[in-house]
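See below for coords_6.txt, which holds compact mmCIF, C-alpha atoms.
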# COMPACT_ATOMS: atom_id res chain seq x y z
CA ASP A 1 0.00 0.00 0.00
CA GLN A 2 1.67 3.18 -1.20
CA GLN A 3 1.29 6.01 1.28
CA VAL A 4 2.91 8.62 -0.97
CA LYS A 5 1.88 8.66 -4.61
CA GLN A 6 3.29 10.53 -7.56
CA ASN A 7 0.95 9.60 -10.36
CA SER A 8 2.89 11.19 -13.21
CA PRO A 9 6.00 9.16 -14.06
CA SER A 10 7.18 11.93 -16.38
CA LEU A 11 6.46 15.55 -17.23
CA SER A 12 7.74 17.62 -20.14
CA VAL A 13 7.79 21.44 -19.84
CA GLN A 14 9.17 24.14 -22.07
CA GLU A 15 12.05 26.21 -20.76
CA GLY A 16 10.82 29.39 -19.08
CA ARG A 17 7.37 28.02 -18.31
CA ILE A 18 6.04 26.77 -14.99
CA SER A 19 6.58 23.15 -13.93
CA ILE A 20 4.02 21.70 -11.53
CA LEU A 21 4.74 18.36 -9.89
CA ASN A 22 2.02 16.71 -7.85
CA CYS A 23 2.00 14.34 -4.91
CA ASP A 24 -0.82 12.69 -2.95
CA TYR A 25 -0.60 10.95 0.39
CA THR A 26 -2.89 8.73 2.43
CA ASN A 27 -1.36 8.78 5.93
CA SER A 28 -2.88 11.62 7.98
CA MET A 29 -0.11 11.21 10.57
CA PHE A 30 2.50 12.69 8.22
CA ASP A 31 3.66 15.99 9.72
CA TYR A 32 6.42 17.09 7.39
CA PHE A 33 6.84 16.92 3.64
CA LEU A 34 9.93 17.24 1.48
CA TRP A 35 10.90 17.36 -2.15
CA TYR A 36 14.13 15.85 -3.36
CA LYS A 37 15.75 16.12 -6.77
CA LYS A 38 17.88 13.34 -8.20
CA TYR A 39 20.29 13.35 -11.11
CA PRO A 40 21.54 10.05 -12.59
CA ALA A 41 24.39 8.47 -10.61
CA GLU A 42 23.87 10.85 -7.69
CA GLY A 43 21.95 10.61 -4.44
CA PRO A 44 18.77 12.62 -3.91
CA THR A 45 19.38 16.28 -3.09
CA PHE A 46 17.10 18.12 -0.69
CA LEU A 47 15.15 20.85 -2.44
CA ILE A 48 12.41 22.29 -0.26
CA SER A 49 10.15 21.24 2.59
CA ILE A 50 6.95 22.21 4.35
CA SER A 51 5.51 21.56 7.77
CA SER A 52 1.93 20.34 8.07
CA ILE A 53 1.03 23.53 9.94
CA LYS A 54 1.70 25.62 6.84
CA ASP A 55 0.12 25.67 3.41
CA LYS A 56 2.91 27.29 1.42
CA ASN A 57 6.67 27.57 1.48
CA GLU A 58 8.75 29.45 -1.05
CA ASP A 59 12.46 29.37 -1.83
CA GLY A 60 13.56 31.26 -4.90
CA ARG A 61 12.08 29.62 -8.00
CA PHE A 62 10.61 26.78 -5.94
CA THR A 63 7.29 26.87 -4.09
CA VAL A 64 5.59 23.99 -2.33
CA PHE A 65 1.86 24.06 -1.62
CA LEU A 66 0.15 21.79 0.89
CA ASN A 67 -3.59 21.05 0.95
CA LYS A 68 -4.12 18.97 4.07
CA SER A 69 -7.84 18.41 3.54
CA ALA A 70 -7.13 16.93 0.10
CA LYS A 71 -3.93 15.22 1.27
CA HIS A 72 -2.18 16.77 -1.68
CA LEU A 73 0.98 18.75 -2.21
CA SER A 74 2.56 20.26 -5.25
CA LEU A 75 5.92 21.69 -6.23
CA HIS A 76 5.98 24.70 -8.54
CA ILE A 77 9.14 25.65 -10.40
CA VAL A 78 9.06 28.98 -12.18
CA PRO A 79 10.67 29.73 -14.51
CA SER A 80 11.82 26.24 -15.47
CA GLN A 81 15.45 25.93 -16.53
CA PRO A 82 17.33 23.16 -18.38
CA GLY A 83 19.22 22.26 -15.18
CA ASP A 84 15.90 21.40 -13.56
CA SER A 85 15.68 18.25 -15.69
CA ALA A 86 15.88 15.46 -13.10
CA VAL A 87 13.73 12.99 -11.18
CA TYR A 88 11.77 14.65 -8.38
CA PHE A 89 10.75 12.67 -5.32
CA CYS A 90 8.05 13.66 -2.89
CA ALA A 91 8.71 12.39 0.65
CA ALA A 92 6.87 12.53 3.95
CA ARG A 93 7.76 12.05 7.60
CA GLU A 94 5.54 10.66 10.32
CA TYR A 95 6.36 11.91 13.77
CA SER A 96 6.43 8.81 15.93
CA GLY A 97 7.34 10.45 19.23
CA GLY A 98 10.04 7.88 19.83
CA GLY A 99 12.05 5.96 17.32
CA ALA A 100 12.44 7.10 13.78
CA ASP A 101 10.27 5.82 10.96
CA GLY A 102 12.38 7.31 8.22
CA LEU A 103 11.03 9.11 5.21
CA THR A 104 8.35 7.61 2.98
CA PHE A 105 9.01 8.36 -0.68
CA GLY A 106 6.89 8.40 -3.79
CA LYS A 107 8.11 6.71 -6.98
CA GLY A 108 9.28 9.97 -8.49
CA THR A 109 8.43 12.14 -11.50
CA HIS A 110 10.95 12.58 -14.28
CA LEU A 111 10.87 16.26 -15.26
CA ILE A 112 12.19 17.10 -18.71
CA ILE A 113 12.74 20.75 -19.58
CA GLN A 114 12.72 21.31 -23.31
CA PRO A 115 14.54 24.25 -24.93
CA GLU B 1 32.37 20.64 4.75
CA THR B 2 32.53 17.01 3.57
CA GLY B 3 29.33 15.51 2.22
CA VAL B 4 28.04 11.98 2.64
CA THR B 5 30.26 9.37 1.01
CA GLN B 6 29.55 5.71 0.31
CA SER B 7 31.68 2.75 -0.72
CA PRO B 8 31.91 0.82 -2.88
CA THR B 9 30.20 2.46 -5.84
CA HIS B 10 29.22 -0.81 -7.47
CA LEU B 11 29.19 -4.39 -6.26
CA ILE B 12 28.27 -7.74 -7.77
CA LYS B 13 27.48 -10.66 -5.49
CA THR B 14 26.06 -14.14 -5.84
CA ARG B 15 22.82 -15.28 -4.25
CA GLY B 16 23.43 -16.57 -0.72
CA GLN B 17 26.53 -14.45 -0.12
CA GLN B 18 26.91 -11.67 2.42
CA VAL B 19 27.72 -8.02 1.71
CA THR B 20 28.85 -4.99 3.70
CA LEU B 21 28.26 -1.44 2.49
CA ARG B 22 29.86 1.59 4.10
CA CYS B 23 28.84 5.18 4.68
CA SER B 24 30.59 8.25 6.08
CA SER B 25 28.18 10.86 7.32
CA GLN B 26 28.39 14.57 6.69
CA SER B 27 30.54 16.47 9.15
CA GLY B 28 28.58 17.30 12.32
CA HIS B 29 25.79 14.80 11.63
CA ASN B 30 25.14 12.15 14.28
CA THR B 31 22.35 10.14 12.63
CA VAL B 32 22.55 7.78 9.68
CA SER B 33 19.62 6.27 7.81
CA TRP B 34 19.78 3.59 5.14
CA TYR B 35 17.40 3.25 2.21
CA GLN B 36 16.94 0.72 -0.57
CA GLN B 37 15.91 2.00 -3.99
CA ALA B 38 14.78 -0.65 -6.42
CA LEU B 39 14.59 0.16 -10.12
CA GLY B 40 11.68 2.47 -10.89
CA GLN B 41 10.79 2.94 -7.23
CA GLY B 42 11.39 5.56 -4.60
CA PRO B 43 13.84 4.94 -1.76
CA GLN B 44 12.47 2.66 0.96
CA PHE B 45 13.55 3.11 4.59
CA ILE B 46 15.60 0.21 6.00
CA PHE B 47 16.71 1.54 9.40
CA GLN B 48 18.24 4.46 11.25
CA TYR B 49 21.19 4.60 13.63
CA TYR B 50 21.61 7.24 16.30
CA ARG B 51 24.40 7.22 18.88
CA GLU B 52 25.51 3.78 17.72
CA GLU B 53 22.10 2.17 18.28
CA GLU B 54 19.32 1.22 15.89
CA ASN B 55 16.65 3.84 16.41
CA GLY B 56 13.97 2.80 13.97
CA ARG B 57 13.39 0.16 11.32
CA GLY B 58 11.33 -0.22 8.20
CA ASN B 59 9.77 -3.39 6.82
CA PHE B 60 12.99 -5.32 6.19
CA PRO B 61 13.93 -8.77 7.51
CA PRO B 62 16.60 -9.33 10.20
CA ARG B 63 19.17 -10.38 7.60
CA PHE B 64 19.51 -6.64 7.01
CA SER B 65 21.60 -5.34 9.89
CA GLY B 66 23.79 -2.37 10.59
CA LEU B 67 26.36 -0.69 12.76
CA GLN B 68 27.22 2.86 13.63
CA PHE B 69 30.68 3.77 14.88
CA PRO B 70 31.77 6.47 17.36
CA ASN B 71 32.71 8.75 14.45
CA TYR B 72 29.10 8.35 13.20
CA SER B 73 30.09 6.38 10.10
CA SER B 74 27.94 3.35 9.43
CA GLU B 75 27.77 -0.06 7.80
CA LEU B 76 24.87 -1.93 6.25
CA ASN B 77 25.21 -5.71 6.25
CA VAL B 78 23.00 -8.02 4.25
CA ASN B 79 23.21 -11.79 4.79
CA ALA B 80 21.92 -14.59 2.57
CA LEU B 81 21.56 -12.34 -0.45
CA GLU B 82 18.52 -12.79 -2.65
CA LEU B 83 18.01 -11.70 -6.27
CA ASP B 84 15.47 -9.09 -5.09
CA ASP B 85 18.17 -7.41 -3.01
CA SER B 86 19.56 -5.98 -6.24
CA ALA B 87 19.08 -2.24 -5.83
CA LEU B 88 20.72 1.10 -5.14
CA TYR B 89 21.49 1.43 -1.43
CA LEU B 90 21.44 5.00 -0.17
CA CYS B 91 22.82 6.33 3.05
CA ALA B 92 21.53 9.61 4.47
CA SER B 93 22.93 11.61 7.36
CA SER B 94 21.20 14.14 9.55
CA ILE B 95 21.20 15.74 12.98
CA GLY B 96 18.94 14.17 15.59
CA THR B 97 16.37 11.44 15.28
CA GLN B 98 13.51 13.45 13.79
CA PRO B 99 15.36 15.49 11.24
CA ASN B 100 13.64 17.85 8.91
CA GLU B 101 16.18 17.20 6.19
CA GLN B 102 18.37 14.24 5.40
CA TYR B 103 21.42 14.50 3.17
CA PHE B 104 22.05 11.59 0.86
CA GLY B 105 25.20 10.00 -0.46
CA PRO B 106 25.55 8.86 -4.09
CA GLY B 107 24.62 5.27 -3.24
CA THR B 108 26.04 1.80 -3.80
CA ARG B 109 24.64 -0.18 -6.72
CA LEU B 110 24.35 -3.84 -5.63
CA THR B 111 23.69 -6.54 -8.21
CA VAL B 112 22.89 -10.05 -7.02
CA THR B 113 23.21 -12.81 -9.61
What do you get writing this file as structure tokens?
Amino acid sequence: DQQVKQNSPSLSVQEGRISILNCDYTNSMFDYFLWYKKYPAEGPTFLISISSIKDKNEDGRFTVFLNKSAKHLSLHIVPSQPGDSAVYFCAAREYSGGGADGLTFGKGTHLIIQP
Amino acid sequence: ETGVTQSPTHLIKTRGQQVTLRCSSQSGHNTVSWYQQALGQGPQFIFQYYREEENGRGNFPPRFSGLQFPNYSSELNVNALELDDSALYLCASSIGTQPNEQYFGPGTRLTVT
């Protein structure tokens, strides 16, 4: 049972336009959400995060939106640049109050920025 | 500041063998988490080590075990390798047991034949 779902395996966007990557989750105990970016032959790189008490977080060209009632978050990249071409993972953390449960990841969306 | 490093980069093993993967955490980080990423999937949490003790575990059998050393580096050991263990193994370091961000190494690609 996948608790974090990224339903678009790939997304193609023209350079300069907005890229919107979507993520849905089922576990209402998740309290923190993160986006990671991964290039081939490298580990995931942290991009941006948002706490469940907020609905928006912005960092330069990257903005993450959280809709708790819909259990949905999205990552907006504007304007999109060629270097943004990568696989983007949505991840979530469940606060357990004791031991760590690690991050739960989606399967990723391959973003392709076309010139 | 040194990032997270992992060794070896690639490894080929035969079914039934044992393997040890190594990870050096980022400077100042005291927590190490291990993830398995199968082809076409997102990383899946194996376990986390904090202050040299296992602090949390995902849905992996006991033949997956680990160690953390006083310098916060870590090892992942897998016994009785199975074909399905073929994957990219990622190590992530962080500060504390409920980190907001984890910093990943480049991974070790394990192939079991």
Using only C-alpha atoms, find the residues of chain A whose closest atom to chain B is at most 7 Å away, then write them as a CSV table (one decimal) with C-alpha atoms, in the coordinates of the input.
chain,number,residue,atom,x,y,z
A,41,ALA,CA,24.4,8.5,-10.6
A,42,GLU,CA,23.9,10.8,-7.7
A,43,GLY,CA,22.0,10.6,-4.4
A,44,PRO,CA,18.8,12.6,-3.9
A,45,THR,CA,19.4,16.3,-3.1
A,46,PHE,CA,17.1,18.1,-0.7
A,99,GLY,CA,12.0,6.0,17.3
A,100,ALA,CA,12.4,7.1,13.8
A,101,ASP,CA,10.3,5.8,11.0
A,102,GLY,CA,12.4,7.3,8.2
A,103,LEU,CA,11.0,9.1,5.2
A,104,THR,CA,8.4,7.6,3.0
A,105,PHE,CA,9.0,8.4,-0.7
A,106,GLY,CA,6.9,8.4,-3.8
A,107,LYS,CA,8.1,6.7,-7.0
A,108,GLY,CA,9.3,10.0,-8.5
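As for atom CA of Gly60 of chain A and atom CA of Ile48 of chain A, they are spaced 10.2 Å apart.
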What does the structure give for the distance between atom CA of Asn22 of chain A and atom CA of Asn7 of chain A, in Å to one decimal? 7.6 Å
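In this structure, atom CA of Gly16 of chain A sits 7.1 Å away from atom CA of Val78 of chain A.
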Please provide the set of residues having any atom within 9 Å of Phe30 of chain A, restricted to only C-alpha atoms, with same-chain residues fewer than 3 positions apart removed, written as a PDB file with C-alpha atoms, keeping the file's coordinate frame.
ATOM      1  CA  TYR A  25      -0.600  10.950   0.390  1.00  0.00           C
ATOM      2  CA  THR A  26      -2.890   8.730   2.430  1.00  0.00           C
ATOM      3  CA  ASN A  27      -1.360   8.780   5.930  1.00  0.00           C
ATOM      4  CA  PHE A  33       6.840  16.920   3.640  1.00  0.00           C
ATOM      5  CA  SER A  52       1.930  20.340   8.070  1.00  0.00           C
ATOM      6  CA  ALA A  92       6.870  12.530   3.950  1.00  0.00           C
ATOM      7  CA  ARG A  93       7.760  12.050   7.600  1.00  0.00           C
ATOM      8  CA  GLU A  94       5.540  10.660  10.320  1.00  0.00           C
ATOM      9  CA  TYR A  95       6.360  11.910  13.770  1.00  0.00           C
TER      10      TYR A  95
END
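Nearest residue to Gly83 of chain A, choosing from A:Ile113, A:Ile18, A:Leu66, A:Met29 and counting all atoms listed in the file: A:Ile113.
Once segment 66-76 of chain B and its same-chain neighbours fewer than 5 positions away are set aside, Thr20, Leu21, Arg22, Cys23, Ser24, Ser25, Asn30 and Glu52 of chain B remain within 6 Å of it when counting all atoms listed in the file.
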Residues as selected, C-alpha atoms, written as a PDB file, in the frame of the given file, can you do that?
ATOM      1  CA  THR B  20      28.850  -4.990   3.700  1.00  0.00           C
ATOM      2  CA  LEU B  21      28.260  -1.440   2.490  1.00  0.00           C
ATOM      3  CA  ARG B  22      29.860   1.590   4.100  1.00  0.00           C
ATOM      4  CA  CYS B  23      28.840   5.180   4.680  1.00  0.00           C
ATOM      5  CA  SER B  24      30.590   8.250   6.080  1.00  0.00           C
ATOM      6  CA  SER B  25      28.180  10.860   7.320  1.00  0.00           C
ATOM      7  CA  ASN B  30      25.140  12.150  14.280  1.00  0.00           C
ATOM      8  CA  GLU B  52      25.510   3.780  17.720  1.00  0.00           C
TER       9      GLU B  52
END
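Among A:Ser74, A:Gln2, A:Ser69, A:Ser80, the residue with the shortest atom-to-atom distance to Asn57 of chain A, counting all atoms listed in the file, is A:Ser74.
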